[in-house]
Amino acid sequence: MRARLKNKRSAKVGALPAPSLLQLMWLASPALPVGGFSYSEVLEAAVDSGRVDSEVAASEWLVDQLHLSLGRCDLALLAKAIGAWRRSDLAQLRELNAWVLQTRESQELRAQTEQMGRSLLEWLRHHNTASAQDIEACARMQPTYPTAFALAASATQAGVRDALLAFAFSWAENMMSAAIKSVPLGQSAGQRILSRLADEIPAVVDQAIATKDSARQAFTPMLAILSAQHETQYSRLFRS
């Protein structure tokens with residue numbers, strides 16, 4: 001009886017092979033050397049302008065950003081790009097990557113996705129996660145971060161939903177850290193914000209997967225305005 005129960009548990013845990021699970025955890029780790037910690041994605045400008053001045057305000061701001069920006073833009077695109085890498089559909093990948101570059105609403109937001117894309121691609125060159133052929137194909141695209149992340153995730157056996165959950169949680173950890181530094185907040189407040197974001201992420205991911213190409217969008221006027229202002233902000237800790 002115990003042996004049968006143990007086998008059933010092992011089957012569930014082993015649904016995603018350990019190497020793929022570890023690669024996905026690695027991609028979601030704040031220790032991944034892509035520079036995500038150096039960006040606040042306009043949160044710093046929201047703090048400077050007085051729009052975010054507390055734990056509650058920071059939590060509301062980031063939940064809104066998750067739903068209105070990340071979910072409708074990067075996550076929706078990532079869901080398509082992972083499949084495109086697995087099919088070796090370079091034409092679609094070039095189109096998706098160009099869409100990211102064209103829809104970034106400020107210079108610093110575009111610079112962020114380009115820098116993080118280059119850094120992740122450089123990381124991939126020194127690991128066995130993706131093939132050399134795919135890495136070089138990605139390099140020729142001037143890769144954005146979602147495109148490069150999609151390549152890294154596609155080389156694992158992770159499903160699209162799991163890959164999107166990892167991407168979203170990585171974003172949430174970086175934004176929580178930015179809130180702690182810029183508001184500023186304590187570590188316990190940061191963990192409460194992260195807990196709320198984690199609760200929201202699965203539904204946002206499911207919606208992103210269901211989003212059609214015609215419904216994908218990058219339309220966040222207040223983020224764009226604040227980002228433009230942040231580029232000349234007198235004192236700042238973050239690059240966006």
# chains A, B, ... in the order shown; residues from 1 in each chain; ligands from 1
>>> closest_atom_pairs(of="stretch 135-181 of chain A", to="stretch 60-81 of chain A", cutoff="8 Å", atoms="only C-alpha atoms", output="Markdown table")
| residue | atom | partner | partner_atom | distance |
| --- | --- | --- | --- | --- |
| A:Pro146 | CA | A:Leu78 | CA | 5.8 |
| A:Thr147 | CA | A:Ala81 | CA | 6.5 |
| A:Phe149 | CA | A:Leu78 | CA | 7.9 |
| A:Ala150 | CA | A:Ala81 | CA | 5.7 |
| A:Leu151 | CA | A:Ala81 | CA | 7.8 |
| A:Val160 | CA | A:Ala79 | CA | 6.2 |
| A:Arg161 | CA | A:Ala79 | CA | 7.9 |
| A:Leu164 | CA | A:Leu75 | CA | 6.4 |
| A:Phe167 | CA | A:Leu75 | CA | 7.9 |
| A:Ala168 | CA | A:Leu75 | CA | 7.6 |
| A:Met175 | CA | A:Leu62 | CA | 7.5 |
>>> residues_around(residues="A:Glu122", least_positions_apart="6", cutoff="10 Å", atoms="only C-alpha atoms", output="PyMOL selection string")
chain A and resi 33-34+116+135+139+148
>>> write_last_selection(atoms="N, CA and C atoms", output="short mmCIF file (atom, residue, chain, number, x, y, z; two decimals), in the first residue's frame")
data_model
loop_
_atom_site.label_atom_id
_atom_site.label_comp_id
_atom_site.auth_asym_id
_atom_site.auth_seq_id
_atom_site.Cartn_x
_atom_site.Cartn_y
_atom_site.Cartn_z
N PRO A 33 21.45 37.00 -13.76
CA PRO A 33 22.19 38.25 -14.03
C PRO A 33 21.70 39.00 -15.26
N VAL A 34 20.46 39.50 -15.19
CA VAL A 34 19.90 40.26 -16.31
C VAL A 34 19.64 41.72 -15.93
N MET A 116 17.91 43.87 -20.91
CA MET A 116 17.63 42.60 -20.25
C MET A 116 17.61 41.45 -21.27
N ILE A 135 20.12 30.43 -30.34
CA ILE A 135 20.72 31.61 -29.70
C ILE A 135 21.17 32.61 -30.75
N ALA A 139 19.86 36.39 -31.45
CA ALA A 139 20.78 37.53 -31.44
C ALA A 139 20.55 38.43 -32.65
N ALA A 148 13.76 36.72 -25.49
CA ALA A 148 14.87 35.92 -24.96
C ALA A 148 14.38 34.96 -23.88
#
>>> closest_atom_pairs(of="stretch 8-70 of chain A", to="stretch 108-113 of chain A", cutoff="10 Å", atoms="only C-alpha atoms", output="JSON lines")
{"residue": "A:Gly35", "atom": "CA", "partner": "A:Gln112", "partner_atom": "CA", "distance": 8.9}
{"residue": "A:Gly36", "atom": "CA", "partner": "A:Gln112", "partner_atom": "CA", "distance": 8.5}
{"residue": "A:Ser38", "atom": "CA", "partner": "A:Gln112", "partner_atom": "CA", "distance": 9.3}
{"residue": "A:Tyr39", "atom": "CA", "partner": "A:Gln112", "partner_atom": "CA", "distance": 7.6}
{"residue": "A:Glu41", "atom": "CA", "partner": "A:Leu109", "partner_atom": "CA", "distance": 7.2}
{"residue": "A:Val42", "atom": "CA", "partner": "A:Leu109", "partner_atom": "CA", "distance": 8.8}
>>> write_last_selection(atoms="C-alpha atoms", output="PDB file, in the first residue's frame")
ATOM      1  CA  GLY A  35      19.757  43.475 -14.283  1.00  0.00           C
ATOM      2  CA  GLY A  36      16.075  43.356 -13.354  1.00  0.00           C
ATOM      3  CA  SER A  38      17.990  48.036 -11.405  1.00  0.00           C
ATOM      4  CA  TYR A  39      14.543  48.905 -12.812  1.00  0.00           C
ATOM      5  CA  GLU A  41       9.276  50.243 -14.181  1.00  0.00           C
ATOM      6  CA  VAL A  42       8.103  53.751 -13.253  1.00  0.00           C
TER       7      VAL A  42
END
>>> closest_residue(among="A:Gln207, A:Ala137, A:Ser188, A:Leu27", to="A:Met176", atoms="only C-alpha atoms")
A:Ser188
>>> residues_around(residues="A:Leu226", least_positions_apart="2", cutoff="8 Å", atoms="only C-alpha atoms", output="PyMOL selection string")
chain A and resi 42+45-46+222-224+228-230
>>> closest_residue(among="A:Ala178, A:Leu24, A:Leu101, A:Met141", to="A:Val47", atoms="only C-alpha atoms")
A:Ala178
